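Novice: What follows is final-v9.cif; its format and atoms are mmCIF, C-alpha atoms.
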```
data_input
loop_
_atom_site.group_PDB
_atom_site.id
_atom_site.type_symbol
_atom_site.label_atom_id
_atom_site.label_comp_id
_atom_site.auth_asym_id
_atom_site.auth_seq_id
_atom_site.Cartn_x
_atom_site.Cartn_y
_atom_site.Cartn_z
ATOM 1 C CA MET A 25 -59.639 -49.373 -2.238
ATOM 2 C CA ALA A 26 -56.346 -50.678 -0.926
ATOM 3 C CA THR A 27 -54.520 -48.304 -3.274
ATOM 4 C CA LYS A 28 -56.418 -45.281 -1.852
ATOM 5 C CA GLN A 29 -55.630 -46.347 1.723
ATOM 6 C CA ARG A 30 -51.933 -46.679 0.902
ATOM 7 C CA SER A 31 -51.970 -43.201 -0.708
ATOM 8 C CA ARG A 32 -53.635 -41.697 2.384
ATOM 9 C CA SER A 33 -51.099 -43.366 4.708
ATOM 10 C CA ARG A 34 -48.193 -42.024 2.666
ATOM 11 C CA ARG A 35 -49.621 -38.464 2.786
ATOM 12 C CA SER A 36 -50.197 -38.679 6.546
ATOM 13 C CA ALA A 37 -46.710 -40.065 7.140
ATOM 14 C CA SER A 38 -45.225 -37.285 5.001
ATOM 15 C CA SER A 39 -47.127 -34.636 6.952
ATOM 16 C CA ARG A 40 -45.906 -36.096 10.239
ATOM 17 C CA THR A 41 -42.226 -36.143 9.187
ATOM 18 C CA SER A 42 -42.046 -32.672 7.496
ATOM 19 C CA ALA A 43 -40.705 -29.799 9.604
ATOM 20 C CA PRO A 44 -43.301 -27.325 10.843
ATOM 21 C CA TYR A 45 -43.305 -23.855 9.280
ATOM 22 C CA VAL A 46 -41.589 -21.198 11.382
ATOM 23 C CA ALA A 47 -42.213 -17.569 10.504
ATOM 24 C CA PRO A 48 -39.025 -15.479 10.123
ATOM 25 C CA VAL A 49 -38.357 -13.129 13.031
ATOM 26 C CA LEU A 50 -35.849 -10.274 13.009
ATOM 27 C CA ASP A 51 -33.259 -10.352 15.780
ATOM 28 C CA PRO A 52 -33.842 -7.186 17.839
ATOM 29 C CA THR A 53 -30.267 -7.322 19.168
ATOM 30 C CA TRP A 54 -28.607 -7.347 15.725
ATOM 31 C CA GLN A 55 -26.364 -4.396 14.933
ATOM 32 C CA ASN A 56 -24.848 -3.429 11.621
ATOM 33 C CA PRO A 57 -21.065 -3.910 12.067
ATOM 34 C CA TYR A 58 -20.399 -0.998 9.696
ATOM 35 C CA ALA A 59 -22.575 1.451 11.610
ATOM 36 C CA PRO A 60 -21.060 3.227 14.634
ATOM 37 C CA SER A 61 -22.810 2.650 17.940
ATOM 38 C CA ALA A 62 -23.151 4.657 21.119
ATOM 39 C CA GLN A 63 -21.132 1.963 22.902
ATOM 40 C CA GLU A 64 -18.265 2.401 20.447
ATOM 41 C CA ARG A 65 -18.171 6.160 20.958
ATOM 42 C CA ALA A 66 -18.345 5.746 24.741
ATOM 43 C CA ALA A 67 -15.471 3.246 24.649
ATOM 44 C CA HIS A 68 -13.235 5.743 22.839
ATOM 45 C CA GLN A 69 -14.110 8.488 25.312
ATOM 46 C CA ALA A 70 -13.344 6.151 28.209
ATOM 47 C CA ALA A 71 -10.018 5.174 26.628
ATOM 48 C CA LEU A 72 -9.019 8.838 26.382
ATOM 49 C CA ARG A 73 -9.811 9.452 30.045
ATOM 50 C CA HIS A 74 -8.050 6.248 31.098
ATOM 51 C CA PHE A 75 -4.902 7.356 29.287
ATOM 52 C CA ALA A 76 -5.098 10.766 30.976
ATOM 53 C CA ARG A 77 -5.449 9.179 34.422
ATOM 54 C CA ARG A 78 -2.423 6.970 33.812
ATOM 55 C CA ARG A 79 -0.325 10.057 33.099
ATOM 56 C CA VAL A 80 -1.022 11.359 36.618
ATOM 57 C CA LEU A 81 -0.752 7.965 38.296
ATOM 58 C CA PRO A 82 2.352 8.945 40.384
ATOM 59 C CA GLN A 83 0.554 12.017 41.716
ATOM 60 C CA SER A 84 -2.504 9.918 42.470
ATOM 61 C CA VAL A 85 -0.439 7.406 44.435
ATOM 62 C CA VAL A 86 1.170 10.179 46.487
ATOM 63 C CA ALA A 87 -2.210 11.753 47.213
ATOM 64 C CA VAL A 88 -3.695 8.425 48.343
ATOM 65 C CA VAL A 89 -0.710 7.724 50.619
ATOM 66 C CA VAL A 90 -0.990 11.167 52.231
ATOM 67 C CA ILE A 91 -4.730 10.727 52.772
ATOM 68 C CA VAL A 92 -4.259 7.268 54.330
ATOM 69 C CA VAL A 93 -1.496 8.512 56.646
ATOM 70 C CA LEU A 94 -3.579 11.467 57.794
ATOM 71 C CA ALA A 95 -6.561 9.208 58.394
ATOM 72 C CA ALA A 96 -4.424 6.854 60.468
ATOM 73 C CA LEU A 97 -3.201 9.739 62.626
ATOM 74 C CA VAL A 98 -6.727 10.507 63.805
ATOM 75 C CA VAL A 99 -5.973 8.564 66.979
ATOM 76 C CA VAL A 100 -3.185 11.066 67.710
ATOM 77 C CA SER A 101 -4.883 14.278 66.616
ATOM 78 C CA PRO A 102 -8.487 14.877 65.509
ATOM 79 C CA TRP A 103 -7.184 17.541 63.128
ATOM 80 C CA SER A 104 -5.708 14.782 60.980
ATOM 81 C CA ALA A 105 -9.192 13.818 59.778
ATOM 82 C CA LEU A 106 -9.770 17.375 58.624
ATOM 83 C CA GLY A 107 -6.403 17.336 56.864
ATOM 84 C CA ALA A 108 -7.315 14.104 55.056
ATOM 85 C CA ILE A 109 -10.598 15.642 53.882
ATOM 86 C CA VAL A 110 -8.847 18.794 52.660
ATOM 87 C CA VAL A 111 -6.181 16.835 50.748
ATOM 88 C CA ALA A 112 -8.823 14.588 49.174
ATOM 89 C CA GLY A 113 -10.899 17.569 48.097
ATOM 90 C CA LEU A 114 -7.930 19.440 46.637
ATOM 91 C CA TYR A 115 -6.735 16.426 44.692
ATOM 92 C CA ALA A 116 -10.231 15.717 43.354
ATOM 93 C CA TRP A 117 -10.371 19.341 42.148
ATOM 94 C CA TYR A 118 -6.915 19.030 40.564
ATOM 95 C CA LEU A 119 -7.763 15.743 38.827
ATOM 96 C CA THR A 120 -11.054 17.068 37.440
ATOM 97 C CA ARG A 121 -9.333 20.174 36.092
ATOM 98 C CA TYR A 122 -6.486 18.128 34.633
ATOM 99 C CA LEU A 123 -8.841 15.771 32.778
ATOM 100 C CA ARG A 124 -10.801 18.707 31.383
ATOM 101 C CA ASN A 125 -7.619 20.441 30.213
ATOM 102 C CA PHE A 126 -6.265 17.187 28.780
ATOM 103 C CA GLU A 127 -9.278 16.776 26.508
ATOM 104 C CA GLY A 128 -9.053 20.463 25.584
ATOM 105 C CA ARG A 129 -5.404 20.193 24.506
ATOM 106 C CA ALA A 130 -6.564 18.864 21.143
ATOM 107 C CA LEU A 131 -8.108 22.247 20.344
ATOM 108 C CA VAL A 132 -4.623 23.753 20.128
ATOM 109 C CA LEU A 133 -3.903 21.533 17.136
ATOM 110 C CA GLU A 134 -6.317 23.397 14.858
ATOM 111 C CA SER A 135 -4.493 26.728 15.137
ATOM 112 C CA ALA A 136 -1.119 24.997 14.820
ATOM 113 C CA LEU A 137 -2.163 23.326 11.564
ATOM 114 C CA ARG A 138 -3.645 26.533 10.229
ATOM 115 C CA ASP A 139 -0.370 28.343 10.893
ATOM 116 C CA SER A 140 1.562 25.581 9.135
ATOM 117 C CA PHE A 141 -0.280 25.886 5.810
ATOM 118 C CA THR A 142 -1.164 28.525 3.265
ATOM 119 C CA VAL A 143 -4.842 28.565 2.359
ATOM 120 C CA THR A 144 -5.334 28.456 -1.404
ATOM 121 C CA GLY A 145 -7.658 26.947 -4.023
ATOM 122 C CA THR A 146 -9.562 28.164 -7.060
ATOM 123 C CA PRO A 147 -13.164 29.319 -6.589
ATOM 124 C CA HIS A 148 -14.300 26.191 -8.433
ATOM 125 C CA ASP A 149 -12.343 23.860 -6.122
ATOM 126 C CA VAL A 150 -13.463 25.745 -3.015
ATOM 127 C CA ALA A 151 -17.105 25.390 -4.071
ATOM 128 C CA ARG A 152 -16.625 21.729 -5.005
ATOM 129 C CA LEU A 153 -15.072 20.855 -1.635
ATOM 130 C CA ALA A 154 -17.752 22.805 0.265
ATOM 131 C CA THR A 155 -20.490 20.912 -1.579
ATOM 132 C CA VAL A 156 -18.936 17.533 -0.765
ATOM 133 C CA VAL A 157 -18.476 18.490 2.888
ATOM 134 C CA ASP A 158 -22.061 19.758 3.250
ATOM 135 C CA ARG A 159 -23.547 16.607 1.747
ATOM 136 C CA LEU A 160 -21.406 14.154 3.717
ATOM 137 C CA SER A 161 -21.695 16.098 6.976
ATOM 138 C CA ALA A 162 -25.424 15.416 6.874
ATOM 139 C CA THR A 163 -24.771 11.742 6.138
ATOM 140 C CA PHE A 164 -22.428 11.318 9.109
ATOM 141 C CA GLY A 165 -24.215 13.700 11.462
ATOM 142 C CA VAL A 166 -21.163 15.922 11.961
ATOM 143 C CA ASP A 167 -21.983 19.637 12.176
ATOM 144 C CA GLY A 168 -19.844 22.736 11.942
ATOM 145 C CA VAL A 169 -17.150 21.533 9.513
ATOM 146 C CA THR A 170 -15.168 24.358 7.872
ATOM 147 C CA PRO A 171 -13.151 23.158 4.844
ATOM 148 C CA TYR A 172 -9.797 24.635 3.795
ATOM 149 C CA ILE A 173 -7.743 23.921 0.684
ATOM 150 C CA VAL A 174 -4.076 24.301 1.607
ATOM 151 C CA ALA A 175 -1.014 24.515 -0.600
ATOM 152 C CA ASP A 176 1.016 21.306 -0.532
ATOM 153 C CA PRO A 177 2.380 18.996 -3.262
ATOM 154 C CA GLY A 178 1.487 15.864 -1.253
ATOM 155 C CA TYR A 179 -1.822 14.033 -1.120
ATOM 156 C CA ASN A 180 -3.457 14.238 2.294
ATOM 157 C CA ALA A 181 -6.302 15.605 4.401
ATOM 158 C CA ALA A 182 -6.958 16.099 8.101
ATOM 159 C CA LEU A 183 -10.006 16.737 10.262
ATOM 160 C CA VAL A 184 -9.325 18.410 13.617
ATOM 161 C CA PRO A 185 -11.631 19.697 16.368
ATOM 162 C CA GLY A 186 -11.739 23.422 17.074
ATOM 163 C CA GLU A 187 -13.419 25.885 19.380
ATOM 164 C CA ASP A 188 -16.539 26.223 17.219
ATOM 165 C CA GLY A 189 -16.662 22.938 15.347
ATOM 166 C CA PHE A 190 -14.181 21.201 13.083
ATOM 167 C CA SER A 191 -11.644 22.226 10.459
ATOM 168 C CA LEU A 192 -10.971 20.055 7.428
ATOM 169 C CA PHE A 193 -7.642 20.634 5.665
ATOM 170 C CA VAL A 194 -7.278 19.203 2.148
ATOM 171 C CA THR A 195 -4.147 19.696 0.053
ATOM 172 C CA ASP A 196 -4.485 21.381 -3.325
ATOM 173 C CA ALA A 197 -2.600 18.467 -4.919
ATOM 174 C CA LEU A 198 -5.349 16.122 -3.765
ATOM 175 C CA MET A 199 -8.030 18.487 -5.075
ATOM 176 C CA ARG A 200 -6.263 18.692 -8.426
ATOM 177 C CA ASP A 201 -5.516 15.012 -9.072
ATOM 178 C CA PHE A 202 -8.266 13.028 -7.322
ATOM 179 C CA GLU A 203 -11.509 12.095 -9.039
ATOM 180 C CA LEU A 204 -14.744 13.292 -7.439
ATOM 181 C CA ILE A 205 -15.568 9.859 -5.993
ATOM 182 C CA GLU A 206 -12.051 9.660 -4.530
ATOM 183 C CA LEU A 207 -12.385 13.115 -2.970
ATOM 184 C CA GLU A 208 -15.744 12.124 -1.490
ATOM 185 C CA ALA A 209 -14.167 8.980 -0.055
ATOM 186 C CA VAL A 210 -11.371 10.955 1.621
ATOM 187 C CA VAL A 211 -13.822 13.400 3.198
ATOM 188 C CA ALA A 212 -16.065 10.513 4.264
ATOM 189 C CA HIS A 213 -13.141 8.797 5.981
ATOM 190 C CA CYS A 214 -12.258 11.961 7.908
ATOM 191 C CA LEU A 215 -15.866 12.457 9.032
ATOM 192 C CA ALA A 216 -16.146 8.771 9.955
ATOM 193 C CA ARG A 217 -13.412 9.263 12.549
ATOM 194 C CA GLN A 218 -15.574 11.757 14.385
ATOM 195 C CA ARG A 219 -18.670 9.619 13.859
ATOM 196 C CA ILE A 220 -17.138 6.592 15.589
ATOM 197 C CA GLY A 221 -15.668 8.800 18.327
ATOM 198 C CA VAL A 222 -11.964 8.167 17.744
ATOM 199 C CA LEU A 223 -11.039 11.664 16.549
ATOM 200 C CA GLY A 224 -10.591 12.937 20.106
ATOM 201 C CA ARG A 225 -7.988 10.242 20.823
ATOM 202 C CA GLN A 226 -6.132 10.970 17.590
ATOM 203 C CA ALA A 227 -6.173 14.734 18.088
ATOM 204 C CA ALA A 228 -4.925 14.382 21.673
ATOM 205 C CA ALA A 229 -2.048 12.139 20.560
ATOM 206 C CA ALA A 230 -1.101 14.673 17.892
ATOM 207 C CA ALA A 231 -1.389 17.723 20.164
ATOM 208 C CA LEU A 232 0.689 16.131 22.934
ATOM 209 C CA ALA A 233 3.439 15.134 20.454
ATOM 210 C CA LEU A 234 3.738 11.759 22.178
ATOM 211 C CA PRO A 235 6.432 9.204 21.317
ATOM 212 C CA ASP A 236 5.295 6.691 18.725
ATOM 213 C CA GLY A 237 4.629 3.869 21.202
ATOM 214 C CA ALA A 238 2.602 6.021 23.601
ATOM 215 C CA ALA A 239 0.743 7.634 20.717
ATOM 216 C CA ARG A 240 -0.270 4.248 19.328
ATOM 217 C CA ARG A 241 -1.632 3.211 22.727
ATOM 218 C CA LEU A 242 -3.681 6.383 22.945
ATOM 219 C CA VAL A 243 -4.901 6.283 19.341
ATOM 220 C CA GLY A 244 -5.872 2.619 19.496
ATOM 221 C CA SER A 245 -5.316 -0.307 17.178
ATOM 222 C CA ALA A 246 -6.486 -0.266 13.529
ATOM 223 C CA MET A 247 -8.576 2.888 13.935
ATOM 224 C CA THR A 248 -7.898 4.165 10.390
ATOM 225 C CA TYR A 249 -8.931 0.719 9.165
ATOM 226 C CA ARG A 250 -12.185 0.974 11.149
ATOM 227 C CA ALA A 251 -12.882 4.467 9.755
ATOM 228 C CA ASP A 252 -12.367 3.060 6.248
ATOM 229 C CA GLU A 253 -15.107 0.493 6.900
ATOM 230 C CA VAL A 254 -17.598 3.062 8.140
ATOM 231 C CA ALA A 255 -16.805 5.508 5.323
ATOM 232 C CA ALA A 256 -17.017 2.879 2.574
ATOM 233 C CA ALA A 257 -20.353 1.613 3.896
ATOM 234 C CA ALA A 258 -21.741 5.153 3.989
ATOM 235 C CA ILE A 259 -20.746 6.130 0.445
ATOM 236 C CA ARG A 260 -21.515 2.577 -0.803
ATOM 237 C CA TYR A 261 -18.465 2.514 -3.048
ATOM 238 C CA PRO A 262 -15.416 1.010 -1.336
ATOM 239 C CA LEU A 263 -13.441 1.048 -4.589
ATOM 240 C CA GLY A 264 -13.471 4.850 -4.572
ATOM 241 C CA LEU A 265 -11.784 4.886 -1.190
ATOM 242 C CA ALA A 266 -9.402 2.120 -2.290
ATOM 243 C CA ALA A 267 -8.380 4.177 -5.329
ATOM 244 C CA ALA A 268 -7.689 7.226 -3.130
ATOM 245 C CA LEU A 269 -5.544 5.119 -0.803
ATOM 246 C CA ARG A 270 -3.600 3.673 -3.728
ATOM 247 C CA ARG A 271 -2.804 7.193 -4.923
ATOM 248 C CA CYS A 272 -1.466 8.008 -1.457
ATOM 249 C CA ALA A 273 0.555 4.783 -1.332
ATOM 250 C CA ALA A 274 2.195 5.559 -4.684
ATOM 251 C CA GLN A 275 3.200 9.132 -3.851
ATOM 252 C CA SER A 276 6.769 10.191 -3.076
ATOM 253 C CA PRO A 277 6.502 13.540 -1.273
ATOM 254 C CA THR A 278 9.142 16.108 -2.116
ATOM 255 C CA SER A 279 11.121 18.032 0.455
ATOM 256 C CA GLU A 280 8.723 20.984 0.022
ATOM 257 C CA SER A 281 5.788 18.918 1.277
ATOM 258 C CA PHE A 282 4.554 19.088 4.847
ATOM 259 C CA LEU A 283 4.662 15.292 4.792
ATOM 260 C CA ARG A 284 8.454 15.627 4.999
ATOM 261 C CA ASP A 285 8.261 18.129 7.857
ATOM 262 C CA GLY A 286 9.278 16.858 11.279
ATOM 263 C CA ARG A 287 5.971 18.033 12.732
ATOM 264 C CA PHE A 288 4.060 15.597 10.537
ATOM 265 C CA SER A 289 5.530 12.659 12.468
ATOM 266 C CA SER A 290 3.828 13.924 15.630
ATOM 267 C CA TRP A 291 0.646 15.162 13.993
ATOM 268 C CA ARG A 292 0.131 12.329 11.505
ATOM 269 C CA TRP A 293 -2.577 10.633 13.587
ATOM 270 C CA VAL A 294 -5.233 13.114 12.426
ATOM 271 C CA PHE A 295 -4.361 12.753 8.723
ATOM 272 C CA PHE A 296 -6.107 10.571 6.172
ATOM 273 C CA ASP A 297 -2.804 9.045 5.104
ATOM 274 C CA VAL A 298 -1.139 8.385 8.450
ATOM 275 C CA VAL A 299 1.977 7.030 6.742
ATOM 276 C CA GLY A 300 2.555 10.032 4.494
ATOM 277 C CA GLY A 301 5.054 8.369 2.190
ATOM 278 C CA ARG A 302 7.268 6.975 4.954
ATOM 279 C CA ASP A 303 9.603 4.161 3.957
ATOM 280 C CA ASP A 304 9.920 2.538 7.394
ATOM 281 C CA ILE A 305 6.355 1.217 7.582
ATOM 282 C CA GLU A 306 6.209 -2.395 8.780
ATOM 283 C CA PRO A 307 4.706 -5.034 6.452
ATOM 284 C CA GLY A 308 1.051 -5.655 7.261
ATOM 285 C CA ASP A 309 0.634 -2.445 9.282
ATOM 286 C CA LEU A 310 -3.076 -1.593 9.134
ATOM 287 C CA ASP A 311 -2.203 2.106 8.790
ATOM 288 C CA ASP A 312 -0.417 1.373 5.512
ATOM 289 C CA PRO A 313 -2.596 2.870 2.738
ATOM 290 C CA LEU A 314 -1.756 -0.046 0.448
ATOM 291 C CA VAL A 315 -2.955 -2.577 3.046
ATOM 292 C CA ARG A 316 -6.107 -0.535 3.594
ATOM 293 C CA ALA A 317 -6.741 -0.345 -0.164
ATOM 294 C CA ARG A 318 -6.383 -4.106 -0.618
ATOM 295 C CA ALA A 319 -8.820 -4.780 2.207
ATOM 296 C CA LEU A 320 -11.431 -2.523 0.602
ATOM 297 C CA GLU A 321 -10.933 -4.134 -2.798
ATOM 298 C CA GLU A 322 -11.837 -7.516 -1.272
ATOM 299 C CA TRP A 323 -15.286 -6.345 -0.148
#
```
Mind turning the file's structure into structure tokens?

Specialist:
Amino acid sequence: MATKQRSRSRRSASSRTSAPYVAPVLDPTWQNPYAPSAQERAAHQAALRHFARRRVLPQSVVAVVVIVVLAALVVVSPWSALGAIVVAGLYAWYLTRYLRNFEGRALVLESALRDSFTVTGTPHDVARLATVVDRLSATFGVDGVTPYIVADPGYNAALVPGEDGFSLFVTDALMRDFELIELEAVVAHCLARQRIGVLGRQAAAAALALPDGAARRLVGSAMTYRADEVAAAAIRYPLGLAAALRRCAAQSPTSESFLRDGRFSSWRWVFFDVVGGRDDIEPGDLDDPLVRARALEEW
């Protein structure tokens, strides 16, 4: 009898000390870090407009000073208030038009790139690239992408916005030497830039031919690195993208390649390989294809 009582007391003590069961509950605020969000896209759009406003900051200061002076002169002449209203309205119209034109400057880049290359490609390669683009466009939700195979001995690709959608330029050397999974990874990276909303910043920096420092501020920090993450998560094979980047890192473009053209230095922000075989890249630069490849290989 005493043994049974001791057994019951041990079971009751154990039940009192054990932690109560808590059912698992999903966090409704959790977001996949490798999936672009509306907030991320909005932040890139805001950054582009902020950069545009800074470029007209001197004009804005002058306009504000004139408006304040005219408003202060109301005590002298009532017409000054009307003048202040007119100046404010005209400057608001000018600023709105400027911002709209600034964002539209990137559209000029498409025709400039098209004029810089010769469209080529075998029927088999053209069909292969079109198939990859169609499949991945649906994955990334990017419509109206027209692919072009262009003649160039260097490995690279670029996605640029146009009047009726987007143009994707892929070099014939890349089409010839890259495996299918590597080609898919390159296209996925280019589409990921539009998916996360950074393509507009990159295209504007390229179209404006900004100095390197100003271009980096407009493009943003580690944006190619971020597009790598999104692309690798979408195709579910980061090693394919890493292999494509290693091919780019190992290339030594010849003088016939567009990568050695002076225009590439200004336009490089829209290209898959931003470095393009340059030798002056700083160690640890997140645009370096070798650094990007190593990061993907550690996933």

Novice: Figure out the distance between atom CA of A:Ser245 and atom CA of A:Glu322, please, to one decimal in Å.

Specialist: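 Atom CA of A:Glu322 sits 20.9 Å away from atom CA of A:Ser245.
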
Novice: Residues near A:Ala267, anyone? I mean within 8 Å using all atoms listed in the file, not counting same-chain ones fewer than 3 positions away, as a PDB file with C-alpha atoms, in the coordinates of the input.

Specialist:
```
ATOM      1  CA  GLU A 206     -12.051   9.660  -4.530  1.00  0.00           C
ATOM      2  CA  LEU A 263     -13.441   1.048  -4.589  1.00  0.00           C
ATOM      3  CA  GLY A 264     -13.471   4.850  -4.572  1.00  0.00           C
ATOM      4  CA  ARG A 270      -3.600   3.673  -3.728  1.00  0.00           C
ATOM      5  CA  ARG A 271      -2.804   7.193  -4.923  1.00  0.00           C
ATOM      6  CA  ALA A 317      -6.741  -0.345  -0.164  1.00  0.00           C
TER       7      ALA A 317
END
```

Novice: Just to confirm, what's the straight-line distance from atom CA of A:Asp311 to atom CA of A:Leu160 in Å (one decimal)?

Specialist: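 Pair atom CA of A:Asp311 / atom CA of A:Leu160 returns 23.2 Å.
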
Novice: Taking only residues of stretch 191-277 of chain A that have an atom at most 12 Å from an atom of stretch 74-84 of chain A, what is each one's shortest atom pair and its distance in Å to one decimal, using all atoms listed in the file, in chain and number order, as CSV?

Specialist:
```
residue,atom,partner,partner_atom,distance
A:Arg225,CA,A:Phe75,CA,9.5
A:Ala228,CA,A:Ala76,CA,10.0
A:Ala229,CA,A:Phe75,CA,10.4
A:Leu232,CA,A:Ala76,CA,11.3
A:Leu234,CA,A:Arg79,CA,11.8
A:Ala238,CA,A:Phe75,CA,9.5
A:Ala239,CA,A:Phe75,CA,10.3
A:Arg240,CA,A:Phe75,CA,11.4
A:Arg241,CA,A:Phe75,CA,8.4
A:Leu242,CA,A:Phe75,CA,6.5
A:Val243,CA,A:Phe75,CA,10.0
A:Gly244,CA,A:Phe75,CA,10.9
```

Novice: What would the file look like if the residues just selected were written as a PDB file, in the frame of the given file with C-alpha atoms?

Specialist:
```pdb
ATOM      1  CA  ARG A 225      -7.988  10.242  20.823  1.00  0.00           C
ATOM      2  CA  ALA A 228      -4.925  14.382  21.673  1.00  0.00           C
ATOM      3  CA  ALA A 229      -2.048  12.139  20.560  1.00  0.00           C
ATOM      4  CA  LEU A 232       0.689  16.131  22.934  1.00  0.00           C
ATOM      5  CA  LEU A 234       3.738  11.759  22.178  1.00  0.00           C
ATOM      6  CA  ALA A 238       2.602   6.021  23.601  1.00  0.00           C
ATOM      7  CA  ALA A 239       0.743   7.634  20.717  1.00  0.00           C
ATOM      8  CA  ARG A 240      -0.270   4.248  19.328  1.00  0.00           C
ATOM      9  CA  ARG A 241      -1.632   3.211  22.727  1.00  0.00           C
ATOM     10  CA  LEU A 242      -3.681   6.383  22.945  1.00  0.00           C
ATOM     11  CA  VAL A 243      -4.901   6.283  19.341  1.00  0.00           C
ATOM     12  CA  GLY A 244      -5.872   2.619  19.496  1.00  0.00           C
TER      13      GLY A 244
END
```

Novice: Between atom CA of A:Gly189 and atom CA of A:Pro171, what is the spacing in Å?

Specialist: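 These atoms are spaced 11.1 Å apart.
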
Novice: Convert the output of the PyMOL selection byres ((chain A and resi 154) around 12) on the shown file into explicit residues, formatted as a list in words.

Specialist: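 What the PyMOL selection byres ((chain A and resi 154) around 12) grabs from the file is Gly145, Pro147, His148, Asp149, Val150, Ala151, Arg152, Leu153, Thr155, Val156, Val157, Asp158, Arg159, Leu160, Ser161, Gly168, Val169, Thr170, Pro171, Tyr172, Ile173, Ser191, Leu192, Phe193, Val194, Met199, Leu207, Glu208 and Val211 of chain A.
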
Novice: I'd like to know which of A:Ala231, A:Leu320, A:Leu215, A:Val143 is closest to A:Asp196, using all atoms listed in the file.

Specialist: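 Using all atoms listed in the file, the shortest distance to A:Asp196 belongs to A:Val143.
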
Novice: Which residues would end up in the selection if the PyMOL selection byres ((chain A and resi 288) around 12) were applied here, given that I need the answer as JSON, numbers by chain?

Specialist: {"A": [133, 136, 137, 140, 180, 182, 230, 231, 233, 281, 282, 283, 284, 285, 286, 287, 289, 290, 291, 292, 293, 294, 295, 297, 298, 299, 300, 301, 302]}

Novice: Mind checking which residues fall within 6 Å of stretch 104-116 of chain A, counting all atoms listed in the file, ignoring those fewer than 6 positions away in the same chain, and posting them as a ChimeraX atom specification?

Specialist: /A:91,94-95,97-98

Novice: Counting only C-alpha atoms, which residue out of A:Ala197, A:Arg138, A:Leu131, A:Pro313 sits closest to A:Pro185?

Specialist: A:Leu131

Novice: For a quick check of understanding, using all atoms listed in the file, which of A:Gln69, A:Gln275, A:Thr248, A:Gln226 has the smallest distance to A:Leu123?

Specialist: A:Gln69

Novice: Padding of 8 Å on every side, edges along x, y and z, all listed atoms of stretch 75-89 of chain A included: what centre and edge lengths in Å, to one decimal, does that box have, as lines of an AutoDock Vina configuration file?

Specialist:
```
center_x = -1.5
center_y = 9.5
center_z = 40.0
size_x = 23.8
size_y = 21.0
size_z = 37.3
```

Novice: Output the residue selection produced by the PyMOL selection byres ((chain A and resi 217-224) around 6) on the file above, formatted as a PyMOL selection string.

Specialist: chain A and resi 60+65+68+214-216+225-227+251

Novice: When distances are computed from all atoms listed in the file, which of A:Glu321, A:Glu280, A:Glu203, A:Glu306 shows the smallest separation from A:Glu253?

Specialist: A:Glu321

Novice: Using all atoms listed in the file, find the one residue out of A:Gly128, A:Gly186, A:Pro277, A:Pro262 that sits nearest to A:Arg73.

Specialist: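 Of A:Gly128, A:Gly186, A:Pro277, A:Pro262, the one nearest A:Arg73 is A:Gly128, counting all atoms listed in the file.
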